[in-house]
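First up is the structure itself, then whatever we jot down about it.
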Amino acid sequence: MAYFLQQLINGVTLGAVYGLIAIGYTMVYGIIGMINFAHGEIYMIGAFIAVIGFTLFTSIPLISAILLVLALSMIFTAIYGWTIERTAYRPLRNSFRLAPLISAIGMSIFLQNYVQLLQGARVRPIPPMFKGSFKFFQDSDFVVNLTYLQVLIIVSTIVLMSVFTLIINKTAMGRQQRACEQDKTMAALLGVNVDHTISMTFVMGAMLAAFAGVMVTLYYGVVHFFIGFLAGMKAFTAAVLGGIGSIPGAMLGGLLIGLIEAFWSAYFTIEYKDVATFVILVLVLIFRPSGLLGRPEIEKV
Amino acid sequence: MSDTITNLPPKPEFNLQAIAKEMAITFVVGLGLMIPMVLLRANDVNGKLVIERHWQELFFALVLLVVGRLGLILLDKHKALPALIIGVVMAIAGYSIHFPTELLEVFTLAAGVILIIRAVLFLWREYKGITANDRENAKKRREKLLENSTGYISAIVIIIAGLLPFLSDILQLLLPDFLGGDSSFIANMSGRYVVDTAILILTYVLLAWGLNIVVGYAGLLDLGFVAFYAVGSYSFAILARDFNLGFWTALPLAGAFSMLSGLVLGFPVLKLRGDYFAIVTLGFGEIVRLLLLNLYELTGGPDGINGIPRPGIGNIVFSKRAKEEGTQTFTEFFSTNFWEITYSSNHRVIFLYYIVFILCMLVAIFTIRIRQQPLGRAWEALRENEVAAASLGINRTNIKLAAFAISATWGGFAGAFFASRQGFISPESYTFIESAIILAIVVMGGMGNLMGIALAAAILIGLPELFRDLEEYRMATFGFGLVLIMIWRPTGLISFRDPTVLLFGKKKKKADEEKLAEGAGS
C-alpha cells in the first residue's frame, strides 16, 4: 500500500509535467491542425534556460530565484515559440497538409543541434536545491516520501492550469482562440485577428512548456539537448490519449501517461516503460480513436 | 505604355515609420532569442558548471540579424538598390572583417550573397519589364517542358548511375585529349568515396521509394517507416548469424519478414485516419527500436550484431583471401576467366553499388507498373477521396494493407542491404530521425514522383556528405535547410502530379488543354 502510494505520488508529478507540455500540442493542433513537432524542443530550451538561470542566481534566496528563473524562462521560451511560428509555420499556413509537418520536423532537428552547438553536448547538471520532504507510514518498513519539490510541482501545475483554463474560457483572447479553432475564416470576418491569435497560441504553449522545463530541471537536476524528443513524444501521446484539440483532455492524458509510466516501472520492467506508453496509445486509438475527451471525427464528403 | 498594364501589383507603400517599427521588433526578438543561447553559455570548468558571457558574439549576431532583416524589408518594398548595397556591404564584411567565430563570417557572407542575388534579379526584372504574370507563365512552361522530358532525363540519369563506378575510365578512354589526361576531377569521379556516397544515396532512394507507396500513393502519413527498415536489417543479421544463410537467401527472407511485420502492425491501425495514423506509426517505430534495445539475447541490445556476412555471388567472395572451403575470391575468378587483375577493395564497393542499383531499378519498375494496375488506381482513388472511393466498392482496409505491406517489403530490402554493407548494426541506426529523413525525402521529392524523390535523396543525403568536414554544423544545417526548402517549394521539387489513368486517355486531356488555351487566347 505504501509502495503504491509512493508510485502514485511519483506518477502524478510526472503527469503534471507531461500535461503542461501536452497542452501546447493540443492547442496548436486544435487551432491550425498541425502536429508541432518542435514543441518538445521548446520544452528543452525552457529547461536549458532554467539551468543557466539557477547557475547564475545562486546568491539570491531560493524562492525568489525560482520565481525569477520561472519568469525569465517563460519569457525567453515564449519568444522562441513566437519566432518558430513566424518563420517556419506561417508561410506554410495554406499549403498542403504535410508541408508544415516537415517544416516542424526540420525545426526540431535544427533546434536540437543549435542548442547542442551553443550549450555543449554534455549533460548539464545543477546542484539539488529544494530539499526536504513529508514522510508517511514511517512505522512500516517502507517510507512514503512526498518531497517539497513534488508538492511544489503538483500545486503550481494545478494553479497554472486553473489560470490557463480561466484565460481560455473567460477572457477575450481565449474567446478568440476558441473562435479560430472552430472556423478561422468566420472568425476573421467577425474581426478577429487570426494571425495574432495563432501567434498567441504558440506563445502560451511555449510558456507552459517552459514552466514544465523549469520544474523538470529542479526535479531531476540534469538537462541534456536531447530531452525534448522523448518528453515531446510522451506529451503528444498524452494529448492524443486525452483527445487532441481538447485542453482538459491534454491534462487528463498527461496525468494518465505519468501514472502509467510510474506504475509500469515500479511493478513491471523499467526497460519497457516507454513501450507500455506507446502500446496504450495504440490501444486507445484503435478502440476509441477520438481519445478520451475528444469529439468524434465526422466523415465529411 | 505602362499605364495599360493592369495586372501589375500595386507598388508597396514606403513608410519609414513602419520600417523602423519592424526593425525594432526584429531587434527585440533577436535579443530575446540570443540572450539565453548566444550570450550565456554553460561550460564545464574543472567539473563545475560555469556560465560564460559572449558579448562579442551577441553583438555581431544581432547586427547581422538586424541588417539582414533591413535588406529583406527593402526588397519587399521594391527598393532593390539600397538592398543591393546592403548585400554588397555584408558580403564584403563577411569576407574581410574578422568576426569572433567563423560561423558568423560564413553567415554574413551567405546572407550578403543571397541579398545581392535577389536584388539583382529584381532589378533585372524591372529593367526587362517582366511582370508576375509573365513569371507564372514561364514557370508553367518550364514545368511542362520538364514533364514532357521526364522520360529522357530519367534515361540519362539511369545510364549515368549505371556506369558511375566506371565513369572516369570511360571518359578518359573516350576523350583523352580533350580532358588533358588525368585531371583530378575526372579521375576522382568514380573514386571509392564517390561510389560509397552513391551507395548511401541509393539506399535512401530505395527506402524513400518504399515509403512513397504509402505516403505518395495511398496518402497515409507513416512516421514509423524506420520500423520496417530495422526489421529488415535485424532479420537479415539474425538469419545470417543463427542459420548461416548467405546474402541471397537471407535478403528475400528479410523482405518477407518485413512484409509480415507490415501486415501485423498495419492491420489494427489502418482504420485510423490522418494524424492518428501518423502518431500510431510513430509509436510503432519507437516500440520496435525499444524492443531491439531490450531483447538482449536476440538482438544484442545496445551492442548490436557484429560480423554480418558480406554479399558474394555463388562461391565467389569479395575479400582478399577466400577463407572457407570451396570459395574463391573475385580477383582469382576474374583473373582466370577474363583478364589479369590485382586485388582491390574497390571491387567489393562496386559490387555493392550494383546490388543496390539493381534493387532500386526493380522497385522503380514495380512501382511504375503497379500504378497502372487496379491496386495502384485504388491507392490513388483512396488518396484523393476516401469516402468516394469506399462508396465505389473499394475495400479500404485491404487496399491500404497492401500498400503498407509492399512498402514494408522494400524497406526490409533496404534494411538487409544496409546491414550487409555495414557489417554491423545497432539500434542507434533506427531512430525517429531516420523516419523523418526518409519522409522529408519523399515530401521534398514531390510525393509520388520517383525522379523527384531520387533528386531529393541526392540533395538531402549527398550534400551533407560533401560537407563532412563541418560535421558539427551538419545536422543543424540539415534541419534549417528542410524548413527553407519547405517554404520555398512546399509541394516538393518536382510537383506535377497527374492521375496515372485518365478516362479517355492522354489524347483527350491534351485536346482539352488545347481547347482551354484557345478559349483563353480569344
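By convention in this document, the chains of the C-alpha cells carry letters A, B, ... by their order, each chain's residues are numbered from 1, and ligands are numbered from 1 in the order they are shown.
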Would you list the contacts of segment 189-205 of chain A as a ChimeraX atom specification, taking every protein, DNA or RNA residue within 8 Å and counting only C-alpha atoms, but skipping same-chain residues closer than 5 positions in sequence? /A:21,23-25,27-28,31-32,78-79,81-82,85-86,173,176-177,180,184
Contacts between chain A and chain B, please, where a residue of chain B counts if it comes within 6 Å (with only C-alpha atoms); show its shortest atom pair and distance in Å to one decimal, rows by chain and ascending number, as a tab-separated table.
residue	atom	partner	partner_atom	distance
B:Gly32	CA	A:Phe76	CA	5.8
B:Arg41	CA	A:Gln119	CA	5.5
B:Ala42	CA	A:Gln119	CA	5.5
B:Val280	CA	A:Val282	CA	5.8
B:Gly283	CA	A:Phe278	CA	5.4
B:Ile287	CA	A:Val275	CA	5.3
B:Ala476	CA	A:Phe110	CA	4.4
B:Gly479	CA	A:Gly106	CA	4.0
B:Phe480	CA	A:Phe110	CA	5.6
B:Leu482	CA	A:Gly106	CA	5.1
B:Val483	CA	A:Ser103	CA	4.5
B:Pro490	CA	A:Ala99	CA	5.6
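If only C-alpha atoms are the atoms counted, then among A:Phe37, A:Tyr148, A:Tyr220, A:Phe57 the closest residue to Pro128 of chain A is A:Tyr220.
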In Å, with one decimal, what is the gap from atom CA of Leu256 of chain A to atom CA of Lys170 of chain A?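 The value is 27.1 Å.
One finds atom CA of Phe478 of chain B at 7.4 Å from atom CA of Pro464 of chain B.
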Where in segment 300-439 of chain B does DSSP assign helix (DSSP H, G or I), given as a PyMOL selection string? chain B and resi 301-303+330-337+346-372+374-384+386-391+396-422+427-430+432-439
Counting only C-alpha atoms, what is within 8 Å of segment 449-456 of chain B, bar same-chain residues fewer than 6 positions away, as a PyMOL selection string? chain B and resi 154+205+208-209+364+441-443+492-495+497
For the atom pair atom CA of Met486 of chain B and atom CA of Ala440 of chain B, what is the interatomic distance in Å to one decimal place?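 Separating atom CA of Met486 of chain B from atom CA of Ala440 of chain B is a distance of 9.5 Å.
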What's the 9 Å shell around Met34 of chain B, counting only C-alpha atoms, without same-chain residues fewer than 4 positions away, as number ranges by chain? B: 29-30, 38-40, 58, 61-62
Since we have the selection now, will you write its residues out, keeping all heavy atoms, as a PDB file, in the first residue's frame?
ATOM      1  N   VAL B  29      13.207  40.893 -30.614  1.00  0.00           N
ATOM      2  CA  VAL B  29      13.060  39.440 -30.717  1.00  0.00           C
ATOM      3  C   VAL B  29      14.430  38.778 -30.807  1.00  0.00           C
ATOM      4  O   VAL B  29      14.706  37.770 -30.146  1.00  0.00           O
ATOM      5  CB  VAL B  29      12.186  39.073 -31.937  1.00  0.00           C
ATOM      6  CG1 VAL B  29      12.262  37.588 -32.219  1.00  0.00           C
ATOM      7  CG2 VAL B  29      10.755  39.477 -31.693  1.00  0.00           C
ATOM      8  N   GLY B  30      15.307  39.383 -31.608  1.00  0.00           N
ATOM      9  CA  GLY B  30      16.658  38.835 -31.737  1.00  0.00           C
ATOM     10  C   GLY B  30      17.368  38.808 -30.406  1.00  0.00           C
ATOM     11  O   GLY B  30      18.012  37.820 -30.033  1.00  0.00           O
ATOM     12  N   VAL B  38      23.063  32.577 -27.143  1.00  0.00           N
ATOM     13  CA  VAL B  38      24.327  33.046 -27.715  1.00  0.00           C
ATOM     14  C   VAL B  38      25.169  33.743 -26.649  1.00  0.00           C
ATOM     15  O   VAL B  38      26.363  33.498 -26.525  1.00  0.00           O
ATOM     16  CB  VAL B  38      24.062  33.987 -28.911  1.00  0.00           C
ATOM     17  CG1 VAL B  38      25.371  34.526 -29.463  1.00  0.00           C
ATOM     18  CG2 VAL B  38      23.287  33.270 -29.999  1.00  0.00           C
ATOM     19  N   LEU B  39      24.517  34.605 -25.860  1.00  0.00           N
ATOM     20  CA  LEU B  39      25.279  35.359 -24.854  1.00  0.00           C
ATOM     21  C   LEU B  39      25.709  34.466 -23.692  1.00  0.00           C
ATOM     22  O   LEU B  39      26.879  34.403 -23.340  1.00  0.00           O
ATOM     23  CB  LEU B  39      24.438  36.540 -24.333  1.00  0.00           C
ATOM     24  CG  LEU B  39      25.043  37.309 -23.168  1.00  0.00           C
ATOM     25  CD1 LEU B  39      26.326  38.001 -23.579  1.00  0.00           C
ATOM     26  CD2 LEU B  39      24.060  38.335 -22.630  1.00  0.00           C
ATOM     27  N   LEU B  40      24.744  33.772 -23.109  1.00  0.00           N
ATOM     28  CA  LEU B  40      25.030  32.957 -21.929  1.00  0.00           C
ATOM     29  C   LEU B  40      25.239  31.510 -22.348  1.00  0.00           C
ATOM     30  O   LEU B  40      24.361  30.896 -22.936  1.00  0.00           O
ATOM     31  CB  LEU B  40      23.866  33.057 -20.937  1.00  0.00           C
ATOM     32  CG  LEU B  40      23.510  34.468 -20.485  1.00  0.00           C
ATOM     33  CD1 LEU B  40      22.210  34.465 -19.711  1.00  0.00           C
ATOM     34  CD2 LEU B  40      24.626  35.050 -19.639  1.00  0.00           C
ATOM     35  N   LEU B  58      27.275  38.047 -29.356  1.00  0.00           N
ATOM     36  CA  LEU B  58      25.920  38.581 -29.303  1.00  0.00           C
ATOM     37  C   LEU B  58      25.819  39.826 -30.173  1.00  0.00           C
ATOM     38  O   LEU B  58      24.901  39.969 -30.984  1.00  0.00           O
ATOM     39  CB  LEU B  58      25.550  38.929 -27.854  1.00  0.00           C
ATOM     40  CG  LEU B  58      24.184  39.612 -27.701  1.00  0.00           C
ATOM     41  CD1 LEU B  58      23.066  38.599 -27.833  1.00  0.00           C
ATOM     42  CD2 LEU B  58      24.061  40.317 -26.372  1.00  0.00           C
ATOM     43  N   ALA B  61      26.106  38.977 -33.952  1.00  0.00           N
ATOM     44  CA  ALA B  61      24.932  38.232 -34.432  1.00  0.00           C
ATOM     45  C   ALA B  61      23.726  39.156 -34.529  1.00  0.00           C
ATOM     46  O   ALA B  61      22.945  39.093 -35.484  1.00  0.00           O
ATOM     47  CB  ALA B  61      24.641  37.064 -33.495  1.00  0.00           C
ATOM     48  N   LEU B  62      23.585  40.056 -33.552  1.00  0.00           N
ATOM     49  CA  LEU B  62      22.451  40.983 -33.569  1.00  0.00           C
ATOM     50  C   LEU B  62      22.534  41.928 -34.757  1.00  0.00           C
ATOM     51  O   LEU B  62      21.554  42.147 -35.473  1.00  0.00           O
ATOM     52  CB  LEU B  62      22.423  41.796 -32.273  1.00  0.00           C
ATOM     53  CG  LEU B  62      21.372  41.410 -31.253  1.00  0.00           C
ATOM     54  CD1 LEU B  62      21.412  42.364 -30.097  1.00  0.00           C
ATOM     55  CD2 LEU B  62      19.985  41.364 -31.864  1.00  0.00           C
TER      56      LEU B  62
END
Calculated over only C-alpha atoms, which of the candidates B:Ala93, B:Ile153, B:Val66, B:Ile459 has the smallest distance to Ala24 of chain B?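 Going through B:Ala93, B:Ile153, B:Val66, B:Ile459 one by one, the smallest distance to Ala24 of chain B is for B:Val66.
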Nearest-residue call for Glu428 of chain B, choices B:Val349, B:Leu382, B:Ile485, B:Ile305, using only C-alpha atoms: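 Ranked by minimum distance to Glu428 of chain B, first place goes to B:Ile305.
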Nearest residue to Leu293 of chain B out of B:Ile425, B:Leu109, B:Ile159, B:Val63, using only C-alpha atoms?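 Of all the options, B:Ile425 lies closest to Leu293 of chain B.
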Neighbouring residues of Glu22 of chain B were defined as those with any atom within 12 Å, considering only C-alpha atoms; residues of the same chain fewer than 3 positions away were excluded. Please report them as a PyMOL selection string. chain B and resi 15-19+25-30+66-67+69-74
Contact residues around segment 265-268 of chain B with only C-alpha atoms at 9 Å, ignoring same-chain residues under 5 positions, as a ChimeraX atom specification: /A:282,286 /B:260,281,284,397-398,400-401,404-405
For the selection you just gave me, I'd like the residues written to a file as a PDB file, in the first residue's frame, keeping N, CA, C and O atoms.
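The new file out.pdb reads:
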ATOM      1  N   VAL A 282      -1.631   3.056 -28.679  1.00  0.00           N
ATOM      2  CA  VAL A 282      -2.158   2.335 -29.834  1.00  0.00           C
ATOM      3  C   VAL A 282      -3.519   1.736 -29.495  1.00  0.00           C
ATOM      4  O   VAL A 282      -4.483   1.857 -30.268  1.00  0.00           O
ATOM      5  N   ILE A 286      -7.093   2.597 -31.235  1.00  0.00           N
ATOM      6  CA  ILE A 286      -7.833   1.601 -32.005  1.00  0.00           C
ATOM      7  C   ILE A 286      -9.270   1.508 -31.499  1.00  0.00           C
ATOM      8  O   ILE A 286     -10.217   1.450 -32.280  1.00  0.00           O
TER       9      ILE A 286
ATOM     10  N   LEU B 260       5.697  -9.225 -43.386  1.00  0.00           N
ATOM     11  CA  LEU B 260       4.883  -9.792 -42.315  1.00  0.00           C
ATOM     12  C   LEU B 260       4.670  -8.763 -41.207  1.00  0.00           C
ATOM     13  O   LEU B 260       3.548  -8.567 -40.724  1.00  0.00           O
ATOM     14  N   THR B 281       1.874   5.107 -36.054  1.00  0.00           N
ATOM     15  CA  THR B 281       3.057   4.572 -36.724  1.00  0.00           C
ATOM     16  C   THR B 281       4.326   5.080 -36.044  1.00  0.00           C
ATOM     17  O   THR B 281       5.299   4.348 -35.920  1.00  0.00           O
ATOM     18  N   PHE B 284       4.829   2.857 -33.196  1.00  0.00           N
ATOM     19  CA  PHE B 284       5.354   1.556 -33.614  1.00  0.00           C
ATOM     20  C   PHE B 284       6.853   1.632 -33.869  1.00  0.00           C
ATOM     21  O   PHE B 284       7.619   0.735 -33.492  1.00  0.00           O
ATOM     22  N   THR B 397      -9.551  -1.213 -46.099  1.00  0.00           N
ATOM     23  CA  THR B 397      -8.530  -1.840 -45.267  1.00  0.00           C
ATOM     24  C   THR B 397      -7.579  -2.691 -46.096  1.00  0.00           C
ATOM     25  O   THR B 397      -6.370  -2.597 -45.946  1.00  0.00           O
ATOM     26  N   ASN B 398      -8.142  -3.508 -46.998  1.00  0.00           N
ATOM     27  CA  ASN B 398      -7.281  -4.388 -47.790  1.00  0.00           C
ATOM     28  C   ASN B 398      -6.330  -3.601 -48.675  1.00  0.00           C
ATOM     29  O   ASN B 398      -5.148  -3.938 -48.796  1.00  0.00           O
ATOM     30  N   LYS B 400      -5.249  -0.510 -48.314  1.00  0.00           N
ATOM     31  CA  LYS B 400      -4.216   0.162 -47.528  1.00  0.00           C
ATOM     32  C   LYS B 400      -3.204  -0.842 -46.997  1.00  0.00           C
ATOM     33  O   LYS B 400      -2.000  -0.574 -46.961  1.00  0.00           O
ATOM     34  N   LEU B 401      -3.726  -2.012 -46.602  1.00  0.00           N
ATOM     35  CA  LEU B 401      -2.840  -3.049 -46.078  1.00  0.00           C
ATOM     36  C   LEU B 401      -1.842  -3.469 -47.142  1.00  0.00           C
ATOM     37  O   LEU B 401      -0.654  -3.683 -46.862  1.00  0.00           O
ATOM     38  N   PHE B 404       0.801  -0.877 -47.354  1.00  0.00           N
ATOM     39  CA  PHE B 404       1.652  -0.969 -46.176  1.00  0.00           C
ATOM     40  C   PHE B 404       2.641  -2.124 -46.301  1.00  0.00           C
ATOM     41  O   PHE B 404       3.834  -1.980 -46.043  1.00  0.00           O
ATOM     42  N   ALA B 405       2.122  -3.295 -46.737  1.00  0.00           N
ATOM     43  CA  ALA B 405       2.964  -4.483 -46.816  1.00  0.00           C
ATOM     44  C   ALA B 405       4.028  -4.320 -47.897  1.00  0.00           C
ATOM     45  O   ALA B 405       5.194  -4.670 -47.692  1.00  0.00           O
TER      46      ALA B 405
END
What parts of segment 80-260 of chain A does DSSP call strand (DSSP E)? I'd like the answer as a PyMOL selection string. chain A and resi 124-125+133-136+144-147+222-223
Nearest to Leu81 of chain B: which of B:Glu471, B:Ala218, B:Ala20, B:Glu126 is it, counting only C-alpha atoms? B:Glu126
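Closest to Val157 of chain B among B:Met361, B:Ile433, B:Leu75, B:Ala80 is B:Met361, based on only C-alpha atoms.
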